[in-house]
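Q: Below is the file my_file_39.csv, with CSV, C-alpha atoms and all ligand atoms.
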```csv
chain,number,residue,atom,x,y,z
O,1,MET,CA,1.3,14.2,-26.9
O,2,ALA,CA,2.7,15.5,-23.6
O,3,LYS,CA,6.1,14.4,-22.4
O,4,ILE,CA,6.2,13.2,-18.8
O,5,LEU,CA,9.2,12.8,-16.6
O,6,VAL,CA,8.6,9.9,-14.1
O,7,THR,CA,11.1,9.9,-11.3
O,8,GLY,CA,11.3,6.5,-9.6
O,9,GLY,CA,9.5,5.1,-12.7
O,10,ASN,CA,11.3,1.8,-12.3
O,11,GLY,CA,9.7,1.1,-8.9
O,12,PHE,CA,6.5,-0.6,-7.9
O,13,ILE,CA,3.9,2.1,-8.3
O,14,GLY,CA,6.2,4.0,-10.8
O,15,SER,CA,6.4,1.1,-13.3
O,16,HIS,CA,2.6,0.5,-13.3
O,17,THR,CA,2.1,4.2,-13.8
O,18,VAL,CA,4.5,4.2,-16.7
O,19,VAL,CA,2.6,1.4,-18.4
O,20,GLU,CA,-0.6,3.4,-18.0
O,21,LEU,CA,0.9,6.6,-19.4
O,22,LEU,CA,2.3,4.7,-22.4
O,23,SER,CA,-1.0,3.1,-23.1
O,24,GLN,CA,-2.6,6.5,-23.1
O,25,GLY,CA,-0.1,7.8,-25.6
O,26,TYR,CA,2.1,9.9,-23.4
O,27,GLU,CA,5.8,10.1,-24.1
O,28,VAL,CA,7.6,8.9,-21.0
O,29,VAL,CA,11.1,9.7,-19.7
O,30,ILE,CA,12.2,7.8,-16.5
O,31,ALA,CA,14.8,9.0,-14.0
O,32,ASP,CA,15.6,6.3,-11.5
O,33,ASN,CA,18.8,5.4,-9.6
O,34,LEU,CA,17.8,1.8,-9.1
O,35,CYS,CA,18.3,2.0,-5.4
O,36,ASN,CA,15.2,-0.1,-4.7
O,37,SER,CA,14.3,-1.6,-8.1
O,38,LYS,CA,15.9,-3.9,-10.6
O,39,PRO,CA,16.9,-3.3,-14.2
O,40,TYR,CA,14.7,-6.1,-15.7
O,41,VAL,CA,11.7,-3.8,-15.1
O,42,GLN,CA,12.6,-1.8,-18.2
O,43,GLU,CA,12.3,-4.7,-20.5
O,44,ARG,CA,9.0,-5.8,-18.9
O,45,ILE,CA,7.5,-2.4,-19.3
O,46,ALA,CA,8.5,-2.5,-23.0
O,47,LYS,CA,7.0,-6.1,-23.3
O,48,ILE,CA,3.7,-5.0,-21.8
O,49,SER,CA,3.4,-1.7,-23.7
O,50,GLY,CA,5.2,-2.4,-27.0
O,51,LYS,CA,7.0,0.8,-26.3
O,52,LYS,CA,10.3,1.5,-24.6
O,53,PRO,CA,10.4,4.6,-22.4
O,54,VAL,CA,13.6,6.7,-22.4
O,55,PHE,CA,15.5,5.7,-19.2
O,56,TYR,CA,18.1,7.6,-17.3
O,57,GLN,CA,19.9,5.9,-14.4
O,58,ILE,CA,20.3,9.1,-12.3
O,59,ASP,CA,19.7,10.3,-8.8
O,60,VAL,CA,17.2,13.1,-8.5
O,61,CYS,CA,19.4,14.7,-5.9
O,62,ASP,CA,22.0,15.1,-8.6
O,63,ALA,CA,21.3,18.6,-10.1
O,64,GLU,CA,23.9,18.3,-12.8
O,65,ALA,CA,22.5,15.0,-14.1
O,66,LEU,CA,18.9,16.4,-14.1
O,67,GLN,CA,20.1,19.4,-15.9
O,68,GLN,CA,21.7,17.3,-18.6
O,69,LEU,CA,18.5,15.2,-18.9
O,70,LYS,CA,16.6,18.5,-19.3
O,71,GLU,CA,18.9,19.7,-22.0
O,72,LYS,CA,18.8,16.4,-23.9
O,73,GLU,CA,15.0,15.9,-23.6
O,74,GLY,CA,13.9,19.5,-24.3
O,75,ARG,CA,10.4,20.3,-23.2
O,76,ILE,CA,8.9,18.3,-20.2
O,77,ASP,CA,5.2,19.0,-19.7
O,78,GLY,CA,4.7,17.2,-16.5
O,79,ILE,CA,6.5,15.3,-13.7
O,80,ILE,CA,5.3,12.4,-11.6
O,81,HIS,CA,7.6,12.3,-8.7
O,82,PHE,CA,7.9,8.9,-7.0
O,83,ALA,CA,11.6,8.7,-6.3
O,84,ALA,CA,12.0,8.5,-2.5
O,85,HIS,CA,13.1,6.1,0.2
O,86,LEU,CA,10.1,4.4,1.7
O,87,PHE,CA,11.0,2.0,4.5
O,88,VAL,CA,9.4,3.2,7.8
O,89,ASP,CA,11.7,1.1,10.1
O,90,GLU,CA,14.8,2.2,8.2
O,91,SER,CA,13.8,5.8,8.5
O,92,VAL,CA,13.5,5.5,12.3
O,93,ALA,CA,17.0,4.0,12.4
O,94,ASN,CA,18.6,6.4,9.9
O,95,PRO,CA,16.5,9.6,9.8
O,96,LEU,CA,19.1,11.7,8.0
O,97,LYS,CA,19.3,9.3,5.1
O,98,TYR,CA,15.5,10.0,4.6
O,99,TYR,CA,15.6,13.7,5.1
O,100,ARG,CA,18.7,14.1,2.8
O,101,ASN,CA,17.3,12.0,0.0
O,102,ASN,CA,13.5,12.7,0.1
O,103,LEU,CA,13.7,16.4,0.6
O,104,ASP,CA,16.8,17.1,-1.4
O,105,GLY,CA,15.4,15.1,-4.3
O,106,LEU,CA,12.2,17.2,-4.4
O,107,ILE,CA,14.0,20.5,-4.0
O,108,THR,CA,16.5,19.7,-6.7
O,109,LEU,CA,13.7,18.7,-9.1
O,110,LEU,CA,11.9,22.0,-8.4
O,111,GLU,CA,15.1,24.0,-8.8
O,112,VAL,CA,15.8,22.3,-12.2
O,113,PHE,CA,12.3,22.2,-13.6
O,114,GLY,CA,10.2,24.6,-11.5
O,115,GLY,CA,11.1,27.6,-13.7
O,116,GLU,CA,9.6,26.2,-16.9
O,117,LYS,CA,6.8,28.2,-18.5
O,118,ASP,CA,4.0,25.8,-17.4
O,119,ILE,CA,4.8,22.8,-15.3
O,120,LYS,CA,2.6,20.2,-13.7
O,121,MET,CA,3.5,17.7,-11.0
O,122,VAL,CA,1.8,14.8,-9.4
O,123,PHE,CA,3.4,14.0,-6.1
O,124,SER,CA,3.5,10.6,-4.3
O,125,SER,CA,2.3,11.2,-0.8
O,126,SER,CA,0.9,8.9,1.9
O,127,CYS,CA,-2.0,8.5,4.3
O,128,THR,CA,0.8,8.5,6.9
O,129,VAL,CA,0.3,12.3,7.1
O,130,TYR,CA,-3.0,11.7,9.0
O,131,GLY,CA,-1.3,9.6,11.8
O,132,ASN,CA,-4.0,8.1,14.0
O,133,PRO,CA,-7.1,9.8,12.5
O,134,GLU,CA,-9.9,11.2,14.6
O,135,THR,CA,-12.6,10.7,12.1
O,136,LEU,CA,-13.3,7.7,9.8
O,137,PRO,CA,-13.4,7.5,6.8
O,138,ILE,CA,-10.6,10.0,6.6
O,139,SER,CA,-11.2,13.0,4.3
O,140,GLU,CA,-8.6,15.4,3.1
O,141,GLN,CA,-9.9,17.9,5.7
O,142,GLU,CA,-8.6,15.7,8.5
O,143,SER,CA,-5.9,17.5,10.4
O,144,ILE,CA,-2.3,16.6,9.7
O,145,LYS,CA,-0.6,15.2,12.7
O,146,LYS,CA,3.0,15.1,13.9
O,147,ALA,CA,4.4,12.2,11.8
O,148,VAL,CA,5.2,9.0,13.6
O,149,SER,CA,8.3,8.3,11.5
O,150,PRO,CA,10.9,10.3,9.7
O,151,TYR,CA,9.7,8.7,6.5
O,152,GLY,CA,6.2,10.1,7.2
O,153,ASN,CA,7.6,13.4,8.1
O,154,THR,CA,9.4,13.7,4.7
O,155,LYS,CA,6.0,13.3,3.1
O,156,LYS,CA,4.4,15.9,5.3
O,157,VAL,CA,7.3,18.4,4.8
O,158,SER,CA,7.4,17.7,1.0
O,159,GLU,CA,3.7,18.7,0.8
O,160,GLU,CA,4.5,21.9,2.6
O,161,ILE,CA,7.4,22.6,0.3
O,162,LEU,CA,5.2,22.0,-2.7
O,163,TYR,CA,2.5,24.3,-1.3
O,164,ASP,CA,5.0,27.1,-0.7
O,165,PHE,CA,6.5,26.6,-4.2
O,166,ALA,CA,3.1,26.6,-5.9
O,167,VAL,CA,2.1,29.8,-4.1
O,168,SER,CA,5.3,31.6,-5.2
O,169,HIS,CA,5.3,30.3,-8.8
O,170,ASN,CA,2.3,31.0,-11.0
O,171,ASN,CA,3.5,28.5,-13.6
O,172,PHE,CA,3.5,25.6,-11.3
O,173,ASN,CA,0.5,23.3,-10.4
O,174,VAL,CA,0.6,20.2,-8.3
O,175,ILE,CA,-1.5,17.4,-7.0
O,176,SER,CA,-0.4,15.4,-4.0
O,177,LEU,CA,-1.9,11.9,-4.0
O,178,ARG,CA,-2.1,10.4,-0.5
O,179,TYR,CA,-1.9,6.7,-1.0
O,180,PHE,CA,-3.5,4.2,1.4
O,181,ASN,CA,-2.1,0.6,1.1
O,182,PRO,CA,-1.1,-0.2,-2.5
O,183,ILE,CA,-1.0,-3.9,-3.2
O,184,GLY,CA,-1.5,-6.2,-6.2
O,185,ALA,CA,0.4,-6.5,-9.4
O,186,HIS,CA,0.0,-6.1,-13.2
O,187,GLY,CA,-2.4,-8.6,-14.8
O,188,SER,CA,0.4,-9.7,-17.2
O,189,GLY,CA,2.4,-11.1,-14.2
O,190,LEU,CA,5.4,-9.2,-15.6
O,191,ILE,CA,5.7,-6.4,-13.0
O,192,GLY,CA,4.9,-6.2,-9.3
O,193,GLU,CA,6.4,-5.3,-6.0
O,194,ASP,CA,10.1,-6.4,-5.9
O,195,PRO,CA,11.9,-4.3,-3.3
O,196,ILE,CA,15.7,-4.7,-2.8
O,197,GLY,CA,16.0,-6.2,0.7
O,198,HIS,CA,13.2,-7.2,3.1
O,199,GLN,CA,9.5,-7.2,2.5
O,200,THR,CA,7.5,-5.5,5.2
O,201,HIS,CA,4.0,-5.2,3.8
O,202,LEU,CA,1.1,-7.4,4.9
O,203,VAL,CA,-0.2,-8.9,1.6
O,204,PRO,CA,3.2,-9.7,0.1
O,205,ILE,CA,4.1,-11.4,3.4
O,206,ILE,CA,0.9,-13.4,3.3
O,207,SER,CA,1.8,-14.4,-0.3
O,208,GLU,CA,5.2,-15.5,0.8
O,209,VAL,CA,3.6,-17.7,3.4
O,210,ALA,CA,1.2,-19.2,0.8
O,211,ALA,CA,4.2,-19.8,-1.6
O,212,GLY,CA,6.1,-21.6,1.2
O,213,LYS,CA,8.8,-19.0,1.4
O,214,ARG,CA,7.9,-18.1,5.0
O,215,ALA,CA,6.6,-20.4,7.8
O,216,ALA,CA,4.0,-18.0,9.3
O,217,LEU,CA,2.6,-14.5,9.3
O,218,LYS,CA,3.0,-12.5,12.5
O,219,VAL,CA,-0.2,-10.6,13.2
O,220,PHE,CA,1.0,-7.4,14.9
O,221,GLY,CA,-1.5,-7.0,17.8
O,222,ASN,CA,-5.0,-8.3,18.4
O,223,ASP,CA,-6.1,-6.0,21.2
O,224,TYR,CA,-7.0,-2.9,19.1
O,225,GLN,CA,-10.5,-1.4,19.4
O,226,THR,CA,-11.6,-3.0,16.1
O,227,LYS,CA,-14.1,-5.7,15.2
O,228,ASP,CA,-11.6,-8.6,15.7
O,229,GLY,CA,-8.9,-6.7,17.6
O,230,THR,CA,-6.5,-6.3,14.5
O,231,CYS,CA,-5.7,-3.1,12.6
O,232,VAL,CA,-7.9,-1.8,9.8
O,233,ARG,CA,-6.4,-0.7,6.5
O,234,ASP,CA,-7.6,0.4,3.1
O,235,TYR,CA,-6.0,-1.7,0.4
O,236,ILE,CA,-5.8,-0.3,-3.2
O,237,HIS,CA,-4.8,-2.1,-6.3
O,238,VAL,CA,-1.6,-0.7,-7.8
O,239,VAL,CA,-3.2,-0.6,-11.3
O,240,ASP,CA,-6.1,1.5,-9.9
O,241,LEU,CA,-3.5,3.7,-8.3
O,242,ALA,CA,-1.6,4.0,-11.6
O,243,HIS,CA,-4.9,5.2,-13.2
O,244,ALA,CA,-5.3,7.8,-10.5
O,245,HIS,CA,-1.9,9.3,-11.4
O,246,VAL,CA,-2.9,9.5,-15.1
O,247,LYS,CA,-6.2,11.1,-14.1
O,248,ALA,CA,-4.5,13.6,-11.9
O,249,LEU,CA,-2.1,14.5,-14.7
O,250,ASP,CA,-4.9,14.9,-17.3
O,251,TYR,CA,-6.7,17.1,-14.9
O,252,LEU,CA,-3.7,19.4,-14.4
O,253,LEU,CA,-2.8,19.4,-18.1
O,254,ASN,CA,-6.4,20.4,-19.0
O,255,ASP,CA,-6.2,23.3,-16.4
O,256,LYS,CA,-9.2,21.9,-14.4
O,257,ASN,CA,-7.6,22.6,-11.0
O,258,ASN,CA,-9.0,25.4,-8.8
O,259,ASP,CA,-5.9,25.7,-6.7
O,260,ALA,CA,-2.2,25.5,-7.6
O,261,PHE,CA,-1.8,22.8,-4.8
O,262,GLU,CA,-4.5,20.2,-4.4
O,263,VAL,CA,-4.5,17.0,-2.4
O,264,TYR,CA,-6.5,13.8,-2.9
O,265,ASN,CA,-6.8,10.5,-1.1
O,266,ALA,CA,-6.2,7.5,-3.2
O,267,GLY,CA,-7.6,4.4,-1.5
O,268,SER,CA,-10.5,2.0,-2.1
O,269,GLY,CA,-12.7,3.6,0.6
O,270,THR,CA,-13.2,0.3,2.4
O,271,GLY,CA,-11.4,-0.8,5.6
O,272,TYR,CA,-10.4,-4.5,6.3
O,273,THR,CA,-8.8,-5.9,9.4
O,274,VAL,CA,-5.6,-8.0,9.2
O,275,LEU,CA,-7.6,-11.1,10.0
O,276,GLU,CA,-10.2,-10.3,7.3
O,277,ILE,CA,-7.4,-10.0,4.8
O,278,VAL,CA,-6.1,-13.4,5.9
O,279,ALA,CA,-9.5,-14.9,5.5
O,280,ALA,CA,-10.2,-13.3,2.2
O,281,PHE,CA,-6.8,-14.5,0.9
O,282,GLU,CA,-7.6,-18.1,2.1
O,283,LYS,CA,-11.0,-18.0,0.4
O,284,ALA,CA,-9.7,-16.6,-2.9
O,285,SER,CA,-6.6,-18.9,-3.2
O,286,GLY,CA,-7.8,-22.0,-1.4
O,287,ILE,CA,-4.6,-22.0,0.7
O,288,LYS,CA,-4.5,-22.0,4.5
O,289,ILE,CA,-2.3,-19.2,5.9
O,290,ASN,CA,-0.4,-20.0,9.1
O,291,TYR,CA,-0.3,-17.1,11.5
O,292,GLU,CA,0.6,-16.3,15.0
O,293,VAL,CA,-0.3,-13.3,17.1
O,294,ALA,CA,2.7,-11.1,17.9
O,295,PRO,CA,3.0,-7.8,19.9
O,296,ARG,CA,1.8,-4.6,18.4
O,297,ARG,CA,4.2,-3.0,15.9
O,298,PRO,CA,5.4,0.4,17.1
O,299,GLY,CA,3.9,3.3,15.1
O,300,ASP,CA,0.9,1.4,13.7
O,301,ALA,CA,-2.3,3.3,13.6
O,302,GLU,CA,-5.4,1.4,14.8
O,303,ALA,CA,-7.7,2.0,11.8
O,304,VAL,CA,-7.2,3.9,8.6
O,305,PHE,CA,-9.5,4.1,5.6
O,306,ALA,CA,-10.2,6.8,3.1
O,307,ASP,CA,-13.1,9.0,2.1
O,308,ILE,CA,-12.6,9.0,-1.7
O,309,SER,CA,-15.5,11.3,-2.6
O,310,ALA,CA,-13.2,14.2,-3.5
O,311,ILE,CA,-11.0,12.3,-6.0
O,312,GLY,CA,-14.2,10.8,-7.5
O,313,ASN,CA,-16.0,14.2,-7.8
O,314,ARG,CA,-13.0,16.2,-9.0
O,315,LEU,CA,-10.8,13.8,-11.0
O,316,GLY,CA,-13.5,11.4,-12.0
O,317,TRP,CA,-11.5,8.5,-10.6
O,318,GLN,CA,-13.0,5.3,-9.0
O,319,PRO,CA,-11.1,2.2,-8.0
O,320,ALA,CA,-12.3,-0.8,-10.2
O,321,GLU,CA,-10.4,-3.8,-9.0
O,322,SER,CA,-11.8,-6.3,-6.4
O,323,LEU,CA,-10.2,-7.3,-3.2
O,324,ASP,CA,-9.9,-10.9,-4.6
O,325,ASN,CA,-8.0,-9.6,-7.6
O,326,MET,CA,-5.7,-7.5,-5.4
O,327,LEU,CA,-4.8,-10.6,-3.3
O,328,LEU,CA,-4.5,-13.1,-6.1
O,329,SER,CA,-2.4,-10.8,-8.3
O,330,THR,CA,0.0,-10.3,-5.4
O,331,TYR,CA,0.1,-14.0,-4.9
O,332,ASN,CA,0.7,-14.8,-8.6
O,333,TRP,CA,3.4,-12.2,-8.7
O,334,GLU,CA,5.0,-13.8,-5.6
O,335,LYS,CA,4.9,-17.2,-7.4
O,336,ASN,CA,6.7,-15.6,-10.4
O,337,LEU,CA,9.3,-14.1,-8.1
O,338,THR,CA,9.9,-17.5,-6.4
O,339,LYS,CA,10.3,-19.1,-9.8
R,401,LIG,N1,0.9,-6.4,9.5
R,401,LIG,C1,1.0,-7.6,10.3
R,401,LIG,N2,2.0,-8.4,10.0
R,401,LIG,C2,3.0,-8.1,9.1
R,401,LIG,C3,2.9,-7.0,8.3
R,401,LIG,C4,1.9,-6.1,8.6
R,401,LIG,O1,0.1,-7.9,11.1
R,401,LIG,O2,3.9,-9.0,8.9
R,401,LIG,C5,-0.2,-5.5,9.8
R,401,LIG,C6,0.3,-4.1,10.2
R,401,LIG,O3,0.4,-4.1,11.6
R,401,LIG,C7,-0.9,-3.2,9.7
R,401,LIG,C8,-1.3,-3.9,8.4
R,401,LIG,O4,-0.8,-5.3,8.5
R,401,LIG,O5,-1.9,-3.3,10.6
R,401,LIG,C9,-0.7,-3.3,7.2
R,401,LIG,O6,0.7,-3.2,7.3
R,401,LIG,P1,1.6,-2.8,6.1
R,401,LIG,O7,3.0,-2.9,6.6
R,401,LIG,O8,1.3,-3.7,4.9
R,401,LIG,O9,1.2,-1.4,5.8
R,401,LIG,P2,1.1,0.0,6.7
R,401,LIG,O10,-0.3,0.3,6.9
R,401,LIG,O11,2.0,-0.1,7.8
R,401,LIG,O12,1.9,0.9,5.6
R,401,LIG,C10,1.3,2.0,5.1
R,401,LIG,C11,2.0,2.2,3.7
R,401,LIG,C12,3.4,2.7,3.9
R,401,LIG,C13,3.4,3.8,4.9
R,401,LIG,C14,2.8,3.4,6.2
R,401,LIG,C15,2.9,4.5,7.2
R,401,LIG,O13,2.0,1.1,2.9
R,401,LIG,O14,4.0,3.0,2.7
R,401,LIG,O15,1.5,3.0,5.9
R,401,LIG,O16,1.8,4.8,7.9
R,401,LIG,F1,4.7,4.2,5.1
```
Kindly transcribe the structure held in the file into structure tokens.
A:
Amino acid sequence: MAKILVTGGNGFIGSHTVVELLSQGYEVVIADNLCNSKPYVQERIAKISGKKPVFYQIDVCDAEALQQLKEKEGRIDGIIHFAAHLFVDESVANPLKYYRNNLDGLITLLEVFGGEKDIKMVFSSSCTVYGNPETLPISEQESIKKAVSPYGNTKKVSEEILYDFAVSHNNFNVISLRYFNPIGAHGSGLIGEDPIGHQTHLVPIISEVAAGKRAALKVFGNDYQTKDGTCVRDYIHVVDLAHAHVKALDYLLNDKNNDAFEVYNAGSGTGYTVLEIVAAFEKASGIKINYEVAPRRPGDAEAVFADISAIGNRLGWQPAESLDNMLLSTYNWEKNLTK
């Protein structure tokens, strides 16, 4: 079975993807510097999967450490590259940290592994590359805008680097998955989103309010041109997203791609306003969520949701999890964290 290097495999989406890869029989090697995840995740992955992936605590910007990993592991058939900084607000405050880490990490990975005879990569990108889209739902043909944050710009530039590299290297094939809003947690309750530092995402924050950890949700703006004035997003269950990575990898390993660089949206295809999410959470959990309307958050797009026909047609991937399950699994995970 193919051996896959998963950078950032200890993180939120990375750990769920590792579980899926192991369940499909892939051999997994994780490279993660633990800058935004905790060591307990390794044991949890092993508990869910009954298999322990090989783990290297290394930084993907460290060429020497990656080289040593390569010598020790021998053949690597594919890479799923998650390792990157991801806080939008931090990237605005400290752009060089983001450019240094996110671009250097990708370039180093390509320098060390890009010369292999036949190498496949799935890259972790974001719908942030579309900015405030002109057409909804957003298809991959939507024009790419100037990024609103340095974080978003690292995703846009990374895609350009990957495209250029794929054009110049016949041995290299890559899929960039543009995620919409990943939420939820593994059904076992053993892994979920557990960032080091502050939580900024809507559904984990609602879960913190429900768990009594936070007094109220601040709804950022209610004067947008949407059905109730709050922003529209496309929420995707992290387990569905993990499946999308494995589908993308299978597709590349079976040489089904037409182009050396392909991009696909990974969302649910449905948009919900912030207040619809609050109402759905209340209905599913039976818990009233206190909220107050606050000013708009700088950089927020009004409405973003995906056209997912391309990923369905080409990769045969469809999201399977319901909104209720996304919300309740996030809440169950939050309760486990609070414990
Ligand atoms: N929101 C609130 N209150 C909060 C948090 C969020 O009202 O306390 C609203 C936001 O304004 C937005 C929606 O809930 O309308 C979703 O916000 P999130 O922070 O959960 O997610 P974003 O859409 O901002 O984030 C997504 C991805 C990021 C990516 C970002 C950039 O999850 O990884 O888009 O466009 F960086």
Q: Within 12 Å of region 305-318 of chain O, which residues of region 157-217 of chain O come that close, and what is the closest atom pair and distance in Å for each? Count only C-alpha atoms and give it as a tab-separated table.
A:
```
residue	atom	partner	partner_atom	distance
O:Ile175	CA	O:Leu315	CA	10.7
O:Ser176	CA	O:Ile311	CA	11.2
O:Leu177	CA	O:Ile311	CA	9.3
O:Arg178	CA	O:Ala306	CA	9.6
O:Tyr179	CA	O:Ala306	CA	9.3
O:Phe180	CA	O:Phe305	CA	7.3
O:Asn181	CA	O:Phe305	CA	9.3
```
Q: Nearest to ligand LIG 401 (chain R) among O:Phe87, O:Phe113, O:Phe12, O:Tyr251, with distances taken over all atoms listed in the file: which residue is it?
A: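 Looking only at the distances to ligand LIG 401 (chain R), the closest residue turns out to be O:Phe87.
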Q: 7 Å from ligand LIG 401 (chain R) is the threshold here; counting only C-alpha atoms and all ligand atoms, which polymer residues fall inside it? Answer as number ranges by chain.
A: O: 86-88, 126-128, 131, 151-152, 180-182, 200-203, 205, 217-221, 230-233, 274, 296-297, 300
Q: Quick one: pull the distance between CA of Gly269 (chain O) and CA of Pro133 (chain O), Å, one decimal.
A: 14.5 Å
Q: Just the number, please: distance in Å from CA of Pro137 (chain O) to CA of Ala294 (chain O), one decimal.
A: 27.0 Å
Q: At a cut-off of 7 Å from (4.2, -2.5, -19.9) in the coordinates of the file, what residues are picked up using all atoms listed in the file, written as a ChimeraX atom specification?
A: /O:19,44-49
Q: Kindly provide, as a list in words, the polymer residues lying within 6 Å of (-3.8, -5.5, -2.2), counting all atoms listed in the file and using the coordinates exactly as they appear in the file.
A: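 Checking each residue against the 6 Å limit leaves Pro182, Ile183, Gly184, Tyr235, Ile236, His237, Met326 and Leu327 of chain O.
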Q: Using all atoms listed in the file for the distances, tell me which of O:Gly8, O:Val129, O:Ile107, O:Val54 is nearest to His85 (chain O).
A: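 Of the candidates, the smallest distance to His85 (chain O) is held by O:Gly8.
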Q: Extract, using only C-alpha atoms, all DNA, RNA and protein residues at most 9 Å from region 153-169 of chain O, discarding same-chain residues fewer than 6 positions from it, and format them as number ranges by chain.
A: O: 98-99, 102-103, 106-107, 110, 114-115, 123-126, 128-129, 144-147, 176, 260-263
Q: What gap, in Å, lies between CA of Asn10 (chain O) and CA of Pro195 (chain O)?
A: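 That distance, rounded to one decimal, is 10.9 Å.
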Q: Give the answer as one residue: which of O:Asp89, O:Ser143, O:Gln24, O:Val6 has the shortest atom-to-atom distance to Pro298 (chain O), using all atoms listed in the file?
A: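 Once distances to Pro298 (chain O) are computed over all atoms listed in the file, the minimum belongs to O:Asp89.
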Q: Using only C-alpha atoms, which of the listed residues (O:Thr270, O:Asn94, O:Asn258, O:Thr338) sits closest to Leu323 (chain O)?
A: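 Ranked by minimum distance to Leu323 (chain O), first place goes to O:Thr270.
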Q: Which one of O:Lys72, O:Ala266, O:Gly212, O:Asp32 sits closest to His243 (chain O) if you count all atoms listed in the file?
A: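 With all atoms listed in the file as the atom set, the closest residue is O:Ala266.
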Q: For Leu66 (chain O), find every residue with an atom within 12 Å (counting all atoms listed in the file), except residues of its own chain fewer than 2 positions away, and show them as a PyMOL selection string.
A: chain O and resi 5+7+29-33+56-64+68-74+76+105-113
Q: Would you mind completing region 232-243 of chain O to N, CA and C atoms and writing the output as a PDB file, keeping the file's coordinate frame?
A:
```
ATOM      1  N   VAL O 232      -7.078  -2.017  11.066  1.00  0.00           N
ATOM      2  CA  VAL O 232      -7.900  -1.800   9.800  1.00  0.00           C
ATOM      3  C   VAL O 232      -7.074  -0.968   8.850  1.00  0.00           C
ATOM      4  N   ARG O 233      -7.018  -1.431   7.594  1.00  0.00           N
ATOM      5  CA  ARG O 233      -6.400  -0.700   6.500  1.00  0.00           C
ATOM      6  C   ARG O 233      -7.230  -0.651   5.279  1.00  0.00           C
ATOM      7  N   ASP O 234      -6.876   0.272   4.391  1.00  0.00           N
ATOM      8  CA  ASP O 234      -7.600   0.400   3.100  1.00  0.00           C
ATOM      9  C   ASP O 234      -6.630   0.031   2.008  1.00  0.00           C
ATOM     10  N   TYR O 235      -6.917  -1.112   1.386  1.00  0.00           N
ATOM     11  CA  TYR O 235      -6.000  -1.700   0.400  1.00  0.00           C
ATOM     12  C   TYR O 235      -6.477  -1.237  -1.021  1.00  0.00           C
ATOM     13  N   ILE O 236      -5.515  -0.776  -1.816  1.00  0.00           N
ATOM     14  CA  ILE O 236      -5.800  -0.300  -3.200  1.00  0.00           C
ATOM     15  C   ILE O 236      -4.961  -0.985  -4.180  1.00  0.00           C
ATOM     16  N   HIS O 237      -5.595  -1.422  -5.273  1.00  0.00           N
ATOM     17  CA  HIS O 237      -4.800  -2.100  -6.300  1.00  0.00           C
ATOM     18  C   HIS O 237      -3.877  -1.148  -7.010  1.00  0.00           C
ATOM     19  N   VAL O 238      -2.647  -1.592  -7.221  1.00  0.00           N
ATOM     20  CA  VAL O 238      -1.600  -0.700  -7.800  1.00  0.00           C
ATOM     21  C   VAL O 238      -2.022  -0.248  -9.218  1.00  0.00           C
ATOM     22  N   VAL O 239      -2.791  -1.062  -9.945  1.00  0.00           N
ATOM     23  CA  VAL O 239      -3.200  -0.600 -11.300  1.00  0.00           C
ATOM     24  C   VAL O 239      -4.255   0.496 -11.171  1.00  0.00           C
ATOM     25  N   ASP O 240      -5.155   0.392 -10.179  1.00  0.00           N
ATOM     26  CA  ASP O 240      -6.100   1.500  -9.900  1.00  0.00           C
ATOM     27  C   ASP O 240      -5.308   2.765  -9.537  1.00  0.00           C
ATOM     28  N   LEU O 241      -4.292   2.580  -8.718  1.00  0.00           N
ATOM     29  CA  LEU O 241      -3.500   3.700  -8.300  1.00  0.00           C
ATOM     30  C   LEU O 241      -2.762   4.366  -9.477  1.00  0.00           C
ATOM     31  N   ALA O 242      -2.272   3.513 -10.367  1.00  0.00           N
ATOM     32  CA  ALA O 242      -1.600   4.000 -11.600  1.00  0.00           C
ATOM     33  C   ALA O 242      -2.607   4.864 -12.393  1.00  0.00           C
ATOM     34  N   HIS O 243      -3.850   4.386 -12.507  1.00  0.00           N
ATOM     35  CA  HIS O 243      -4.900   5.200 -13.200  1.00  0.00           C
ATOM     36  C   HIS O 243      -5.094   6.517 -12.538  1.00  0.00           C
TER      37      HIS O 243
END
```
